[in-house]
Amino acid sequence: MASHTVTTTYKKDMQFETDSPTGYKTLIDTSPENGGHNDGMGPKALMLSSLAGCTGLDIVFVLNKMRVDIPKFKMEVKGELTEEHPKYYHKVWLDYHFYGDNLDETKIQKAVDLSESTYCGVMEMFRKFSTLEVGVHFHKDNA
C-alpha cells in the first residue's frame, strides 16, 4: 500500500517549513492579524491548491495521451468555510478555464470528467467533507 510522509518544521513566529516526499520545500504562514507575516501559503489555501494541482496534472496527462494541445489552461478554486470551529471548507467551487482558438472541447471535457470520476484522489478527499461544484469554461485565445 502506498504512503507519503512529510516533515514540517517550526521556523519562527507562526511560520513553518514543510517538505514533500520528493524533498521540495514550501513555507506555511498566516496573516499578521493571526501572528504571522504572510510569508507562505496558509494551510487551508494550500488544500485548495492541492485540489487544483491534482486535477490539473490528471487533465494534462490525459490530454497529452489524446494528443490534444492546450495553449493556456488555468483553474480557479474557491472554498467557503463553516462559521463554527473547527472551520473547514463545506462548499468548494472549481472552475476550469481553457483558452485557445481551436480547442477540442469534447476531448477536454472527457479529460476533466476522467479526472473527476477516476483519477483525482484529492478531489475524492474533498468530497468526504464538502460539496463540490465544477464548471468548465472555454475561451477564445484573445480572452
# chains A, B, ... in the order shown; residues from 1 in each chain; ligands from 1

$ residues_around --residues "stretch 34-46 of chain A" --least-positions-apart "5" --cutoff "7 Å" --atoms "only C-alpha atoms" --output "mmCIF file with C-alpha atoms, in the first residue's frame"
data_model
loop_
_atom_site.group_PDB
_atom_site.id
_atom_site.type_symbol
_atom_site.label_atom_id
_atom_site.label_comp_id
_atom_site.auth_asym_id
_atom_site.auth_seq_id
_atom_site.Cartn_x
_atom_site.Cartn_y
_atom_site.Cartn_z
ATOM 1 C CA ASP A 13 6.737 33.361 14.728
ATOM 2 C CA MET A 14 3.875 31.475 13.000
ATOM 3 C CA GLN A 15 5.980 30.140 10.106
ATOM 4 C CA LEU A 27 6.626 27.768 3.635
ATOM 5 C CA ILE A 28 3.405 27.811 5.599
ATOM 6 C CA ASP A 29 2.444 31.012 7.392
#

$ residues_around --residues "stretch 78-92 of chain A" --least-positions-apart "3" --cutoff "9 Å" --atoms "only C-alpha atoms" --output "list in words"
Lys44, Ala45, Leu48, Asp95, Phe126, Phe129, Ser130, Thr131, Leu132, Glu133 and Val134 of chain A

$ select_by_dssp --residues "chain A" --states "alpha helix (DSSP H)" --output "PyMOL selection string"
chain A and resi 43-65+105-114+121-127

$ write_last_selection --atoms "C-alpha atoms" --output "mmCIF file, in the first residue's frame"
data_model
loop_
_atom_site.group_PDB
_atom_site.id
_atom_site.type_symbol
_atom_site.label_atom_id
_atom_site.label_comp_id
_atom_site.auth_asym_id
_atom_site.auth_seq_id
_atom_site.Cartn_x
_atom_site.Cartn_y
_atom_site.Cartn_z
ATOM 1 C CA PRO A 43 -2.831 25.683 5.366
ATOM 2 C CA LYS A 44 -6.382 25.911 4.055
ATOM 3 C CA ALA A 45 -5.340 27.703 0.850
ATOM 4 C CA LEU A 46 -2.717 25.004 0.382
ATOM 5 C CA MET A 47 -5.539 22.465 0.356
ATOM 6 C CA LEU A 48 -7.303 24.355 -2.449
ATOM 7 C CA SER A 49 -4.028 24.483 -4.390
ATOM 8 C CA SER A 50 -3.617 20.741 -3.869
ATOM 9 C CA LEU A 51 -7.028 20.147 -5.385
ATOM 10 C CA ALA A 52 -6.172 22.265 -8.438
ATOM 11 C CA GLY A 53 -2.758 20.662 -8.791
ATOM 12 C CA CYS A 54 -4.100 17.124 -8.580
ATOM 13 C CA THR A 55 -6.836 17.544 -11.157
ATOM 14 C CA GLY A 56 -4.646 19.740 -13.369
ATOM 15 C CA LEU A 57 -1.945 17.077 -13.547
ATOM 16 C CA ASP A 58 -4.575 14.472 -14.463
ATOM 17 C CA ILE A 59 -6.034 16.628 -17.217
ATOM 18 C CA VAL A 60 -2.678 17.468 -18.812
ATOM 19 C CA PHE A 61 -1.652 13.796 -18.651
ATOM 20 C CA VAL A 62 -4.883 12.616 -20.312
ATOM 21 C CA LEU A 63 -4.812 15.351 -22.957
ATOM 22 C CA ASN A 64 -1.179 14.514 -23.779
ATOM 23 C CA LYS A 65 -2.209 10.866 -24.259
ATOM 24 C CA GLU A 105 -13.931 20.835 -26.328
ATOM 25 C CA THR A 106 -15.186 17.247 -26.428
ATOM 26 C CA LYS A 107 -11.799 15.734 -25.581
ATOM 27 C CA ILE A 108 -11.051 18.402 -22.984
ATOM 28 C CA GLN A 109 -14.393 17.708 -21.291
ATOM 29 C CA LYS A 110 -13.601 13.979 -21.344
ATOM 30 C CA ALA A 111 -10.242 14.639 -19.648
ATOM 31 C CA VAL A 112 -11.964 16.749 -16.975
ATOM 32 C CA ASP A 113 -14.583 14.032 -16.445
ATOM 33 C CA LEU A 114 -11.910 11.336 -16.087
ATOM 34 C CA GLY A 121 -7.613 11.448 -5.192
ATOM 35 C CA VAL A 122 -7.574 14.936 -3.696
ATOM 36 C CA MET A 123 -10.986 15.597 -5.239
ATOM 37 C CA GLU A 124 -12.263 12.378 -3.700
ATOM 38 C CA MET A 125 -10.944 13.505 -0.302
ATOM 39 C CA PHE A 126 -12.723 16.862 -0.659
ATOM 40 C CA ARG A 127 -15.995 15.055 -1.419
#

$ atom_distance --atom1 "atom CA of A:Asp69" --atom2 "atom CA of A:Gly100"
9.3 Å

$ atom_distance --atom1 "atom CA of A:Ser117" --atom2 "atom CA of A:Leu94"
14.3 Å

$ residues_around --residues "A:Leu103" --least-positions-apart "6" --cutoff "12 Å" --atoms "only C-alpha atoms" --output "number ranges by chain"
A: 63, 68-73, 97, 109, 137-141

$ write_last_selection --atoms "N, CA, C and O atoms" --output "JSON list (two decimals), in the first residue's frame"
[["chain", "number", "residue", "atom", "x", "y", "z"],
["A", 63, "LEU", "N", -4.82, 14.63, -21.68],
["A", 63, "LEU", "CA", -4.81, 15.35, -22.96],
["A", 63, "LEU", "C", -3.54, 15.06, -23.75],
["A", 63, "LEU", "O", -3.58, 14.97, -24.98],
["A", 68, "VAL", "N", -3.87, 16.14, -27.54],
["A", 68, "VAL", "CA", -4.65, 17.38, -27.60],
["A", 68, "VAL", "C", -3.80, 18.50, -27.02],
["A", 68, "VAL", "O", -3.32, 18.41, -25.90],
["A", 69, "ASP", "N", -3.63, 19.55, -27.79],
["A", 69, "ASP", "CA", -2.84, 20.70, -27.37],
["A", 69, "ASP", "C", -3.74, 21.69, -26.63],
["A", 69, "ASP", "O", -4.84, 22.00, -27.09],
["A", 70, "ILE", "N", -3.29, 22.15, -25.48],
["A", 70, "ILE", "CA", -4.00, 23.21, -24.77],
["A", 70, "ILE", "C", -3.01, 24.35, -24.55],
["A", 70, "ILE", "O", -2.14, 24.27, -23.70],
["A", 71, "PRO", "N", -3.16, 25.42, -25.33],
["A", 71, "PRO", "CA", -2.21, 26.53, -25.24],
["A", 71, "PRO", "C", -2.20, 27.22, -23.88],
["A", 71, "PRO", "O", -1.15, 27.60, -23.38],
["A", 72, "LYS", "N", -3.36, 27.36, -23.27],
["A", 72, "LYS", "CA", -3.45, 28.03, -21.98],
["A", 72, "LYS", "C", -4.59, 27.40, -21.18],
["A", 72, "LYS", "O", -5.68, 27.19, -21.69],
["A", 73, "PHE", "N", -4.30, 27.16, -19.91],
["A", 73, "PHE", "CA", -5.24, 26.45, -19.05],
["A", 73, "PHE", "C", -5.01, 26.93, -17.62],
["A", 73, "PHE", "O", -3.87, 27.02, -17.17],
["A", 97, "HIS", "N", -10.63, 26.79, -16.80],
["A", 97, "HIS", "CA", -10.65, 27.76, -17.90],
["A", 97, "HIS", "C", -9.62, 27.32, -18.94],
["A", 97, "HIS", "O", -8.42, 27.23, -18.64],
["A", 109, "GLN", "N", -13.35, 18.06, -22.26],
["A", 109, "GLN", "CA", -14.39, 17.71, -21.29],
["A", 109, "GLN", "C", -14.21, 16.27, -20.81],
["A", 109, "GLN", "O", -14.38, 15.97, -19.63],
["A", 137, "HIS", "N", -15.00, 26.07, -18.66],
["A", 137, "HIS", "CA", -15.20, 27.27, -19.47],
["A", 137, "HIS", "C", -14.18, 27.29, -20.60],
["A", 137, "HIS", "O", -12.98, 27.08, -20.37],
["A", 138, "PHE", "N", -14.67, 27.55, -21.81],
["A", 138, "PHE", "CA", -13.81, 27.63, -22.99],
["A", 138, "PHE", "C", -13.79, 29.07, -23.47],
["A", 138, "PHE", "O", -14.83, 29.72, -23.57],
["A", 139, "HIS", "N", -12.58, 29.57, -23.74],
["A", 139, "HIS", "CA", -12.40, 30.97, -24.13],
["A", 139, "HIS", "C", -11.57, 31.04, -25.41],
["A", 139, "HIS", "O", -10.65, 30.25, -25.59],
["A", 140, "LYS", "N", -11.89, 32.00, -26.24],
["A", 140, "LYS", "CA", -11.04, 32.28, -27.40],
["A", 140, "LYS", "C", -9.70, 32.77, -26.89],
["A", 140, "LYS", "O", -9.59, 33.32, -25.80],
["A", 141, "ASP", "N", -8.66, 32.60, -27.69],
["A", 141, "ASP", "CA", -7.30, 32.91, -27.28],
["A", 141, "ASP", "C", -7.10, 34.36, -26.82],
["A", 141, "ASP", "O", -6.29, 34.62, -25.96]]

$ decode --residues "stretch 83-131 of chain A" --atoms "N, CA and C atoms" --output "CSV table (one decimal), in the first residue's frame"
chain,number,residue,atom,x,y,z
A,83,GLU,N,-18.9,28.5,9.6
A,83,GLU,CA,-18.9,29.6,10.6
A,83,GLU,C,-18.2,29.1,11.9
A,84,GLU,N,-18.5,27.9,12.3
A,84,GLU,CA,-18.0,27.4,13.6
A,84,GLU,C,-16.7,26.7,13.5
A,85,HIS,N,-16.0,26.6,14.7
A,85,HIS,CA,-14.7,25.9,14.7
A,85,HIS,C,-15.0,24.4,14.9
A,86,PRO,N,-14.2,23.5,14.4
A,86,PRO,CA,-13.1,23.8,13.5
A,86,PRO,C,-13.6,24.2,12.1
A,87,LYS,N,-13.1,25.3,11.6
A,87,LYS,CA,-13.6,25.8,10.3
A,87,LYS,C,-13.0,25.0,9.2
A,88,TYR,N,-13.8,24.5,8.3
A,88,TYR,CA,-13.4,23.7,7.2
A,88,TYR,C,-14.2,24.1,5.9
A,89,TYR,N,-13.7,23.8,4.8
A,89,TYR,CA,-14.4,24.1,3.5
A,89,TYR,C,-15.6,23.1,3.4
A,90,HIS,N,-16.8,23.7,3.6
A,90,HIS,CA,-18.0,22.9,3.4
A,90,HIS,C,-18.6,23.0,2.0
A,91,LYS,N,-18.1,24.0,1.2
A,91,LYS,CA,-18.5,24.1,-0.2
A,91,LYS,C,-17.3,24.6,-1.0
A,92,VAL,N,-17.1,24.0,-2.1
A,92,VAL,CA,-16.0,24.3,-2.9
A,92,VAL,C,-16.4,24.5,-4.4
A,93,TRP,N,-15.9,25.5,-5.0
A,93,TRP,CA,-16.2,25.7,-6.5
A,93,TRP,C,-14.9,25.6,-7.2
A,94,LEU,N,-14.9,24.7,-8.2
A,94,LEU,CA,-13.7,24.5,-9.0
A,94,LEU,C,-14.1,24.9,-10.5
A,95,ASP,N,-13.4,25.9,-11.0
A,95,ASP,CA,-13.7,26.3,-12.4
A,95,ASP,C,-12.4,26.1,-13.2
A,96,TYR,N,-12.6,25.4,-14.3
A,96,TYR,CA,-11.5,25.1,-15.3
A,96,TYR,C,-11.7,26.2,-16.4
A,97,HIS,N,-10.6,26.8,-16.8
A,97,HIS,CA,-10.7,27.8,-17.9
A,97,HIS,C,-9.6,27.3,-18.9
A,98,PHE,N,-10.1,27.1,-20.1
A,98,PHE,CA,-9.2,26.7,-21.3
A,98,PHE,C,-9.3,27.8,-22.3
A,99,TYR,N,-8.1,28.1,-22.8
A,99,TYR,CA,-8.0,29.3,-23.8
A,99,TYR,C,-7.4,28.8,-25.1
A,100,GLY,N,-8.0,29.1,-26.2
A,100,GLY,CA,-7.4,28.8,-27.5
A,100,GLY,C,-8.4,29.0,-28.6
A,101,ASP,N,-7.9,29.1,-29.8
A,101,ASP,CA,-8.8,29.4,-30.9
A,101,ASP,C,-9.4,28.1,-31.5
A,102,ASN,N,-8.7,26.9,-31.3
A,102,ASN,CA,-9.2,25.7,-31.9
A,102,ASN,C,-9.2,24.6,-30.9
A,103,LEU,N,-9.9,24.8,-29.8
A,103,LEU,CA,-9.9,23.8,-28.7
A,103,LEU,C,-10.8,22.7,-29.0
A,104,ASP,N,-10.4,21.5,-28.7
A,104,ASP,CA,-11.2,20.3,-28.9
A,104,ASP,C,-12.0,20.1,-27.6
A,105,GLU,N,-13.1,20.8,-27.6
A,105,GLU,CA,-13.9,20.8,-26.3
A,105,GLU,C,-14.4,19.5,-25.9
A,106,THR,N,-14.7,18.6,-26.8
A,106,THR,CA,-15.2,17.2,-26.4
A,106,THR,C,-14.1,16.5,-25.7
A,107,LYS,N,-12.9,16.5,-26.2
A,107,LYS,CA,-11.8,15.7,-25.6
A,107,LYS,C,-11.4,16.4,-24.3
A,108,ILE,N,-11.4,17.7,-24.2
A,108,ILE,CA,-11.1,18.4,-23.0
A,108,ILE,C,-12.1,18.1,-21.9
A,109,GLN,N,-13.3,18.1,-22.3
A,109,GLN,CA,-14.4,17.7,-21.3
A,109,GLN,C,-14.2,16.3,-20.8
A,110,LYS,N,-13.8,15.4,-21.7
A,110,LYS,CA,-13.6,14.0,-21.3
A,110,LYS,C,-12.4,13.9,-20.3
A,111,ALA,N,-11.4,14.6,-20.6
A,111,ALA,CA,-10.2,14.6,-19.6
A,111,ALA,C,-10.7,15.1,-18.3
A,112,VAL,N,-11.5,16.2,-18.2
A,112,VAL,CA,-12.0,16.7,-17.0
A,112,VAL,C,-12.8,15.7,-16.3
A,113,ASP,N,-13.7,15.1,-17.0
A,113,ASP,CA,-14.6,14.0,-16.4
A,113,ASP,C,-13.8,12.9,-15.9
A,114,LEU,N,-12.7,12.4,-16.6
A,114,LEU,CA,-11.9,11.3,-16.1
A,114,LEU,C,-11.2,11.7,-14.8
A,115,SER,N,-10.7,12.9,-14.7
A,115,SER,CA,-10.1,13.4,-13.5
A,115,SER,C,-11.0,13.4,-12.4
A,116,GLU,N,-12.2,13.9,-12.6
A,116,GLU,CA,-13.2,14.0,-11.5
A,116,GLU,C,-13.7,12.6,-11.1
A,117,SER,N,-13.9,11.7,-12.0
A,117,SER,CA,-14.6,10.5,-11.7
A,117,SER,C,-13.6,9.3,-11.3
A,118,THR,N,-12.4,9.4,-11.8
A,118,THR,CA,-11.5,8.3,-11.7
A,118,THR,C,-10.1,8.6,-11.1
A,119,TYR,N,-9.5,9.7,-11.5
A,119,TYR,CA,-8.1,9.8,-11.1
A,119,TYR,C,-7.7,10.7,-9.9
A,120,CYS,N,-8.5,11.8,-9.7
A,120,CYS,CA,-8.0,12.8,-8.7
A,120,CYS,C,-8.4,12.4,-7.3
A,121,GLY,N,-7.4,11.9,-6.6
A,121,GLY,CA,-7.6,11.4,-5.2
A,121,GLY,C,-7.9,12.6,-4.3
A,122,VAL,N,-7.3,13.8,-4.5
A,122,VAL,CA,-7.6,14.9,-3.7
A,122,VAL,C,-9.0,15.4,-3.8
A,123,MET,N,-9.6,15.3,-5.0
A,123,MET,CA,-11.0,15.6,-5.2
A,123,MET,C,-11.9,14.6,-4.5
A,124,GLU,N,-11.5,13.4,-4.5
A,124,GLU,CA,-12.3,12.4,-3.7
A,124,GLU,C,-12.2,12.7,-2.2
A,125,MET,N,-11.0,13.1,-1.7
A,125,MET,CA,-10.9,13.5,-0.3
A,125,MET,C,-11.9,14.7,0.0
A,126,PHE,N,-11.9,15.7,-0.9
A,126,PHE,CA,-12.7,16.9,-0.7
A,126,PHE,C,-14.2,16.5,-0.6
A,127,ARG,N,-14.6,15.5,-1.4
A,127,ARG,CA,-16.0,15.1,-1.4
A,127,ARG,C,-16.4,14.5,-0.1
A,128,LYS,N,-15.5,14.1,0.7
A,128,LYS,CA,-15.8,13.5,2.0
A,128,LYS,C,-16.3,14.5,3.0
A,129,PHE,N,-15.9,15.8,2.8
A,129,PHE,CA,-16.3,16.8,3.8
A,129,PHE,C,-16.9,18.1,3.1
A,130,SER,N,-17.1,18.1,1.8
A,130,SER,CA,-17.6,19.3,1.2
A,130,SER,C,-18.4,19.0,0.0
A,131,THR,N,-19.3,20.0,-0.4
A,131,THR,CA,-20.0,19.9,-1.7
A,131,THR,C,-19.1,20.6,-2.7
